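Printed here is protein.cif (mmCIF, C-alpha atoms):
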data_entry
loop_
_atom_site.group_PDB
_atom_site.id
_atom_site.type_symbol
_atom_site.label_atom_id
_atom_site.label_comp_id
_atom_site.auth_asym_id
_atom_site.auth_seq_id
_atom_site.Cartn_x
_atom_site.Cartn_y
_atom_site.Cartn_z
ATOM 1 C CA MET X 1 -6.362 -5.238 4.410
ATOM 2 C CA SER X 2 -7.749 -1.700 4.547
ATOM 3 C CA LYS X 3 -5.553 1.287 5.338
ATOM 4 C CA LYS X 4 -5.828 3.143 8.642
ATOM 5 C CA VAL X 5 -7.555 6.526 8.586
ATOM 6 C CA TYR X 6 -7.170 8.988 11.470
ATOM 7 C CA THR X 7 -8.478 12.462 12.223
ATOM 8 C CA GLY X 8 -6.203 14.938 13.963
ATOM 9 C CA LYS X 9 -5.100 18.534 14.389
ATOM 10 C CA VAL X 10 -2.199 20.151 12.528
ATOM 11 C CA VAL X 11 0.443 21.252 15.050
ATOM 12 C CA SER X 12 3.181 22.276 12.601
ATOM 13 C CA ASP X 13 3.308 23.324 8.938
ATOM 14 C CA LYS X 14 6.839 24.708 8.788
ATOM 15 C CA MET X 15 8.177 22.002 6.452
ATOM 16 C CA ASP X 16 7.632 22.052 2.689
ATOM 17 C CA LYS X 17 4.855 19.627 1.616
ATOM 18 C CA THR X 18 4.666 18.159 5.132
ATOM 19 C CA ALA X 19 2.307 18.724 8.050
ATOM 20 C CA VAL X 20 2.697 17.324 11.563
ATOM 21 C CA VAL X 21 -0.685 15.997 12.702
ATOM 22 C CA ALA X 22 -1.443 15.230 16.367
ATOM 23 C CA VAL X 23 -3.953 12.398 16.777
ATOM 24 C CA THR X 24 -5.582 12.095 20.220
ATOM 25 C CA ARG X 25 -6.995 8.779 21.367
ATOM 26 C CA LEU X 26 -8.835 7.846 24.541
ATOM 27 C CA PHE X 27 -8.698 4.380 26.074
ATOM 28 C CA GLN X 28 -9.418 2.720 29.370
ATOM 29 C CA HIS X 29 -6.483 1.597 31.509
ATOM 30 C CA HIS X 30 -6.595 -2.185 31.796
ATOM 31 C CA ARG X 31 -6.003 -2.308 35.557
ATOM 32 C CA TYR X 32 -7.282 0.979 36.979
ATOM 33 C CA LYS X 33 -10.203 1.480 34.551
ATOM 34 C CA LYS X 34 -9.396 5.179 34.272
ATOM 35 C CA THR X 35 -9.752 6.897 30.908
ATOM 36 C CA VAL X 36 -6.309 7.815 29.580
ATOM 37 C CA LYS X 37 -5.555 10.311 26.809
ATOM 38 C CA ARG X 38 -2.594 9.708 24.469
ATOM 39 C CA VAL X 39 -1.403 12.030 21.708
ATOM 40 C CA THR X 40 0.624 10.670 18.795
ATOM 41 C CA LYS X 41 2.229 12.923 16.178
ATOM 42 C CA PHE X 42 2.376 11.812 12.547
ATOM 43 C CA LYS X 43 4.222 13.487 9.663
ATOM 44 C CA ALA X 44 1.802 13.616 6.738
ATOM 45 C CA HIS X 45 2.365 14.524 3.088
ATOM 46 C CA ASP X 46 0.572 17.734 2.064
ATOM 47 C CA GLU X 47 1.351 18.172 -1.646
ATOM 48 C CA SER X 48 -0.086 21.677 -2.103
ATOM 49 C CA ASN X 49 0.775 23.072 1.375
ATOM 50 C CA ARG X 50 -2.941 23.726 2.099
ATOM 51 C CA CYS X 51 -2.758 22.868 5.813
ATOM 52 C CA SER X 52 -2.135 25.487 8.448
ATOM 53 C CA ILE X 53 -1.710 25.198 12.228
ATOM 54 C CA GLY X 54 -4.988 24.414 13.984
ATOM 55 C CA ASP X 55 -6.750 22.783 11.024
ATOM 56 C CA THR X 56 -8.527 19.474 11.593
ATOM 57 C CA VAL X 57 -7.485 17.006 8.898
ATOM 58 C CA LYS X 58 -8.044 13.397 7.880
ATOM 59 C CA ILE X 59 -4.909 11.338 7.140
ATOM 60 C CA ILE X 60 -4.494 7.901 5.564
ATOM 61 C CA GLU X 61 -1.731 5.337 5.818
ATOM 62 C CA ALA X 62 0.661 5.134 2.827
ATOM 63 C CA SER X 63 3.886 3.502 1.765
ATOM 64 C CA PRO X 64 7.029 5.334 2.974
ATOM 65 C CA LEU X 65 7.448 8.735 1.310
ATOM 66 C CA SER X 66 10.599 9.701 3.237
ATOM 67 C CA LYS X 67 12.486 8.640 6.361
ATOM 68 C CA ASN X 68 9.641 9.505 8.758
ATOM 69 C CA LYS X 69 6.678 10.271 6.494
ATOM 70 C CA ARG X 70 4.142 7.435 6.090
ATOM 71 C CA TRP X 71 0.815 9.304 5.978
ATOM 72 C CA ILE X 72 -1.012 11.465 3.412
ATOM 73 C CA VAL X 73 -3.475 14.294 4.114
ATOM 74 C CA ILE X 74 -6.653 13.366 2.221
ATOM 75 C CA ASP X 75 -9.086 16.008 3.466
ATOM 76 C CA ILE X 76 -9.234 19.212 5.503
ATOM 77 C CA LEU X 77 -12.327 18.891 7.698
ATOM 78 C CA ASP X 78 -12.165 22.213 9.549
ATOM 79 C CA LYS X 79 -10.145 25.227 8.415
ATOM 80 C CA VAL X 80 -9.051 27.720 11.079
ATOM 81 C CA ALA X 81 -9.655 31.370 10.191
ATOM 82 C CA ARG X 82 -6.391 33.272 10.357
ATOM 83 C CA GLY X 83 -6.665 36.973 11.214
ATOM 84 C CA ASP X 84 -3.139 38.037 10.158
#
Would you write the structure of this file as structure tokens?
Amino acid sequence: MSKKVYTGKVVSDKMDKTAVVAVTRLFQHHRYKKTVKRVTKFKAHDESNRCSIGDTVKIIEASPLSKNKRWIVIDILDKVARGD
């Protein structure tokens, strides 16, 4: 069985070696046929703390790394320019 791979946006990078990634999915409601948007937040392992808020990243399913962390950041697709 292959592992799940999602693309999402980093919404928090305050933890050490962890990024919170919000994955948005669109689906059609089974009764009303309206398109519904759902956002799910995943805690993903970011070994080198490369992610910053606003980055678009690709995450992959992994075995449990901590109590809530079951995903690993494998690639940063779009880096947000920070003008600090």
Kindly resolve the PyMOL selection byres ((chain X and resi 19-27) around 6) on the present coordinates and return the residues as a PDB file with C-alpha atoms, in the frame of the given file.
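For reference, selection.pdb as written:
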ATOM      1  CA  GLY X   8      -6.203  14.938  13.963  1.00  0.00           C
ATOM      2  CA  LYS X   9      -5.100  18.534  14.389  1.00  0.00           C
ATOM      3  CA  VAL X  10      -2.199  20.151  12.528  1.00  0.00           C
ATOM      4  CA  VAL X  11       0.443  21.252  15.050  1.00  0.00           C
ATOM      5  CA  SER X  12       3.181  22.276  12.601  1.00  0.00           C
ATOM      6  CA  ASP X  13       3.308  23.324   8.938  1.00  0.00           C
ATOM      7  CA  THR X  18       4.666  18.159   5.132  1.00  0.00           C
ATOM      8  CA  GLN X  28      -9.418   2.720  29.370  1.00  0.00           C
ATOM      9  CA  THR X  35      -9.752   6.897  30.908  1.00  0.00           C
ATOM     10  CA  VAL X  36      -6.309   7.815  29.580  1.00  0.00           C
ATOM     11  CA  LYS X  37      -5.555  10.311  26.809  1.00  0.00           C
ATOM     12  CA  ARG X  38      -2.594   9.708  24.469  1.00  0.00           C
ATOM     13  CA  VAL X  39      -1.403  12.030  21.708  1.00  0.00           C
ATOM     14  CA  THR X  40       0.624  10.670  18.795  1.00  0.00           C
ATOM     15  CA  LYS X  41       2.229  12.923  16.178  1.00  0.00           C
ATOM     16  CA  PHE X  42       2.376  11.812  12.547  1.00  0.00           C
ATOM     17  CA  LYS X  43       4.222  13.487   9.663  1.00  0.00           C
ATOM     18  CA  ALA X  44       1.802  13.616   6.738  1.00  0.00           C
TER      19      ALA X  44
END
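Reported to one decimal place, the separation of atom CA of Met1 of chain X from atom CA of Asp75 of chain X is 21.4 Å.
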*Using the chain letters and residue numbers of this document, give as a PyMOL selection string the residues selected by the PyMOL selection byres ((chain X and resi 2) around 12).*
chain X and resi 1+3-5+60-62
Which centre and edge lengths in Å to one decimal define the box along x, y and z that fits every listed atom of segment 62-66 of chain X plus 4 Å per side, as AutoDock Vina command-line options?
--center_x 5.6 --center_y 6.6 --center_z 2.3 --size_x 17.9 --size_y 14.2 --size_z 9.9
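Coordinates place atom CA of Asp16 of chain X at a distance of 18.9 Å from atom CA of Lys79 of chain X.
Each of X:Lys17, X:Ile53, X:Thr7, X:Ser48 was checked against Ser66 of chain X using all atoms listed in the file; the smallest atom-to-atom distance is that of X:Lys17.
Between Asp46 of chain X and the residues X:Lys14, X:Arg82, X:His29, X:Lys34, the shortest atom-to-atom distance, using only C-alpha atoms, involves X:Lys14.
Computed from the coordinates, the atom CA of Ala81 of chain X to atom CA of His45 of chain X distance equals 21.9 Å.
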Kindly add N, CA and C atoms to the incomplete segment 30-65 of chain X and provide the output as a PDB file, in the coordinates of the input.
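Okay, this is what ended up in rebuild09.pdb:
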ATOM      1  N   HIS X  30      -6.144  -0.812  31.578  1.00  0.00           N
ATOM      2  CA  HIS X  30      -6.595  -2.185  31.796  1.00  0.00           C
ATOM      3  C   HIS X  30      -6.719  -2.560  33.270  1.00  0.00           C
ATOM      4  N   ARG X  31      -5.926  -1.962  34.131  1.00  0.00           N
ATOM      5  CA  ARG X  31      -6.003  -2.308  35.557  1.00  0.00           C
ATOM      6  C   ARG X  31      -6.856  -1.327  36.347  1.00  0.00           C
ATOM      7  N   TYR X  32      -6.631  -0.026  36.141  1.00  0.00           N
ATOM      8  CA  TYR X  32      -7.282   0.979  36.979  1.00  0.00           C
ATOM      9  C   TYR X  32      -8.598   1.502  36.408  1.00  0.00           C
ATOM     10  N   LYS X  33      -8.933   1.121  35.198  1.00  0.00           N
ATOM     11  CA  LYS X  33     -10.203   1.480  34.551  1.00  0.00           C
ATOM     12  C   LYS X  33     -10.405   2.985  34.394  1.00  0.00           C
ATOM     13  N   LYS X  34      -9.318   3.738  34.462  1.00  0.00           N
ATOM     14  CA  LYS X  34      -9.396   5.179  34.272  1.00  0.00           C
ATOM     15  C   LYS X  34      -9.216   5.487  32.783  1.00  0.00           C
ATOM     16  N   THR X  35      -9.911   6.488  32.291  1.00  0.00           N
ATOM     17  CA  THR X  35      -9.752   6.897  30.908  1.00  0.00           C
ATOM     18  C   THR X  35      -8.448   7.668  30.761  1.00  0.00           C
ATOM     19  N   VAL X  36      -7.625   7.227  29.807  1.00  0.00           N
ATOM     20  CA  VAL X  36      -6.309   7.815  29.580  1.00  0.00           C
ATOM     21  C   VAL X  36      -6.292   8.442  28.193  1.00  0.00           C
ATOM     22  N   LYS X  37      -5.664   9.628  28.089  1.00  0.00           N
ATOM     23  CA  LYS X  37      -5.555  10.311  26.809  1.00  0.00           C
ATOM     24  C   LYS X  37      -4.114  10.222  26.315  1.00  0.00           C
ATOM     25  N   ARG X  38      -3.921   9.778  25.083  1.00  0.00           N
ATOM     26  CA  ARG X  38      -2.594   9.708  24.469  1.00  0.00           C
ATOM     27  C   ARG X  38      -2.616  10.516  23.180  1.00  0.00           C
ATOM     28  N   VAL X  39      -1.540  11.249  22.932  1.00  0.00           N
ATOM     29  CA  VAL X  39      -1.403  12.030  21.708  1.00  0.00           C
ATOM     30  C   VAL X  39      -0.204  11.490  20.933  1.00  0.00           C
ATOM     31  N   THR X  40      -0.436  11.152  19.671  1.00  0.00           N
ATOM     32  CA  THR X  40       0.624  10.670  18.795  1.00  0.00           C
ATOM     33  C   THR X  40       0.760  11.643  17.636  1.00  0.00           C
ATOM     34  N   LYS X  41       1.999  12.006  17.289  1.00  0.00           N
ATOM     35  CA  LYS X  41       2.229  12.923  16.178  1.00  0.00           C
ATOM     36  C   LYS X  41       2.671  12.143  14.947  1.00  0.00           C
ATOM     37  N   PHE X  42       2.036  12.437  13.813  1.00  0.00           N
ATOM     38  CA  PHE X  42       2.376  11.812  12.547  1.00  0.00           C
ATOM     39  C   PHE X  42       2.806  12.885  11.561  1.00  0.00           C
ATOM     40  N   LYS X  43       3.843  12.598  10.766  1.00  0.00           N
ATOM     41  CA  LYS X  43       4.222  13.487   9.663  1.00  0.00           C
ATOM     42  C   LYS X  43       3.435  13.025   8.443  1.00  0.00           C
ATOM     43  N   ALA X  44       2.669  13.951   7.865  1.00  0.00           N
ATOM     44  CA  ALA X  44       1.802  13.616   6.738  1.00  0.00           C
ATOM     45  C   ALA X  44       2.151  14.462   5.523  1.00  0.00           C
ATOM     46  N   HIS X  45       2.055  13.845   4.353  1.00  0.00           N
ATOM     47  CA  HIS X  45       2.365  14.524   3.088  1.00  0.00           C
ATOM     48  C   HIS X  45       1.214  15.451   2.714  1.00  0.00           C
ATOM     49  N   ASP X  46       1.543  16.710   2.455  1.00  0.00           N
ATOM     50  CA  ASP X  46       0.572  17.734   2.064  1.00  0.00           C
ATOM     51  C   ASP X  46       1.095  18.380   0.788  1.00  0.00           C
ATOM     52  N   GLU X  47       0.760  17.798  -0.350  1.00  0.00           N
ATOM     53  CA  GLU X  47       1.351  18.172  -1.646  1.00  0.00           C
ATOM     54  C   GLU X  47       1.261  19.660  -1.958  1.00  0.00           C
ATOM     55  N   SER X  48       0.105  20.279  -1.705  1.00  0.00           N
ATOM     56  CA  SER X  48      -0.086  21.677  -2.103  1.00  0.00           C
ATOM     57  C   SER X  48       0.074  22.663  -0.948  1.00  0.00           C
ATOM     58  N   ASN X  49       0.582  22.211   0.199  1.00  0.00           N
ATOM     59  CA  ASN X  49       0.775  23.072   1.375  1.00  0.00           C
ATOM     60  C   ASN X  49      -0.510  23.808   1.776  1.00  0.00           C
ATOM     61  N   ARG X  50      -1.652  23.113   1.757  1.00  0.00           N
ATOM     62  CA  ARG X  50      -2.941  23.726   2.099  1.00  0.00           C
ATOM     63  C   ARG X  50      -3.169  23.809   3.598  1.00  0.00           C
ATOM     64  N   CYS X  51      -2.523  22.931   4.363  1.00  0.00           N
ATOM     65  CA  CYS X  51      -2.758  22.868   5.813  1.00  0.00           C
ATOM     66  C   CYS X  51      -2.083  24.023   6.537  1.00  0.00           C
ATOM     67  N   SER X  52      -2.751  24.497   7.568  1.00  0.00           N
ATOM     68  CA  SER X  52      -2.135  25.487   8.448  1.00  0.00           C
ATOM     69  C   SER X  52      -2.379  25.030   9.890  1.00  0.00           C
ATOM     70  N   ILE X  53      -1.633  25.613  10.825  1.00  0.00           N
ATOM     71  CA  ILE X  53      -1.710  25.198  12.228  1.00  0.00           C
ATOM     72  C   ILE X  53      -3.133  25.389  12.756  1.00  0.00           C
ATOM     73  N   GLY X  54      -3.657  24.358  13.404  1.00  0.00           N
ATOM     74  CA  GLY X  54      -4.988  24.414  13.984  1.00  0.00           C
ATOM     75  C   GLY X  54      -6.058  23.736  13.149  1.00  0.00           C
ATOM     76  N   ASP X  55      -5.769  23.451  11.883  1.00  0.00           N
ATOM     77  CA  ASP X  55      -6.750  22.783  11.024  1.00  0.00           C
ATOM     78  C   ASP X  55      -6.988  21.351  11.496  1.00  0.00           C
ATOM     79  N   THR X  56      -8.204  20.879  11.329  1.00  0.00           N
ATOM     80  CA  THR X  56      -8.527  19.474  11.593  1.00  0.00           C
ATOM     81  C   THR X  56      -8.496  18.755  10.252  1.00  0.00           C
ATOM     82  N   VAL X  57      -7.684  17.697  10.168  1.00  0.00           N
ATOM     83  CA  VAL X  57      -7.485  17.006   8.898  1.00  0.00           C
ATOM     84  C   VAL X  57      -7.697  15.502   9.055  1.00  0.00           C
ATOM     85  N   LYS X  58      -7.927  14.850   7.922  1.00  0.00           N
ATOM     86  CA  LYS X  58      -8.044  13.397   7.880  1.00  0.00           C
ATOM     87  C   LYS X  58      -6.807  12.878   7.142  1.00  0.00           C
ATOM     88  N   ILE X  59      -6.113  11.900   7.753  1.00  0.00           N
ATOM     89  CA  ILE X  59      -4.909  11.338   7.140  1.00  0.00           C
ATOM     90  C   ILE X  59      -5.099   9.842   6.916  1.00  0.00           C
ATOM     91  N   ILE X  60      -4.397   9.321   5.897  1.00  0.00           N
ATOM     92  CA  ILE X  60      -4.494   7.901   5.564  1.00  0.00           C
ATOM     93  C   ILE X  60      -3.093   7.315   5.469  1.00  0.00           C
ATOM     94  N   GLU X  61      -2.988   6.062   5.847  1.00  0.00           N
ATOM     95  CA  GLU X  61      -1.731   5.337   5.818  1.00  0.00           C
ATOM     96  C   GLU X  61      -1.244   5.189   4.371  1.00  0.00           C
ATOM     97  N   ALA X  62       0.087   5.269   4.167  1.00  0.00           N
ATOM     98  CA  ALA X  62       0.661   5.134   2.827  1.00  0.00           C
ATOM     99  C   ALA X  62       2.013   4.436   2.924  1.00  0.00           C
ATOM    100  N   SER X  63       2.543   4.077   1.776  1.00  0.00           N
ATOM    101  CA  SER X  63       3.886   3.502   1.765  1.00  0.00           C
ATOM    102  C   SER X  63       4.874   4.618   2.093  1.00  0.00           C
ATOM    103  N   PRO X  64       6.086   4.294   2.556  1.00  0.00           N
ATOM    104  CA  PRO X  64       7.029   5.334   2.974  1.00  0.00           C
ATOM    105  C   PRO X  64       7.325   6.353   1.881  1.00  0.00           C
ATOM    106  N   LEU X  65       7.172   7.638   2.236  1.00  0.00           N
ATOM    107  CA  LEU X  65       7.448   8.735   1.310  1.00  0.00           C
ATOM    108  C   LEU X  65       8.800   9.368   1.607  1.00  0.00           C
TER     109      LEU X  65
END
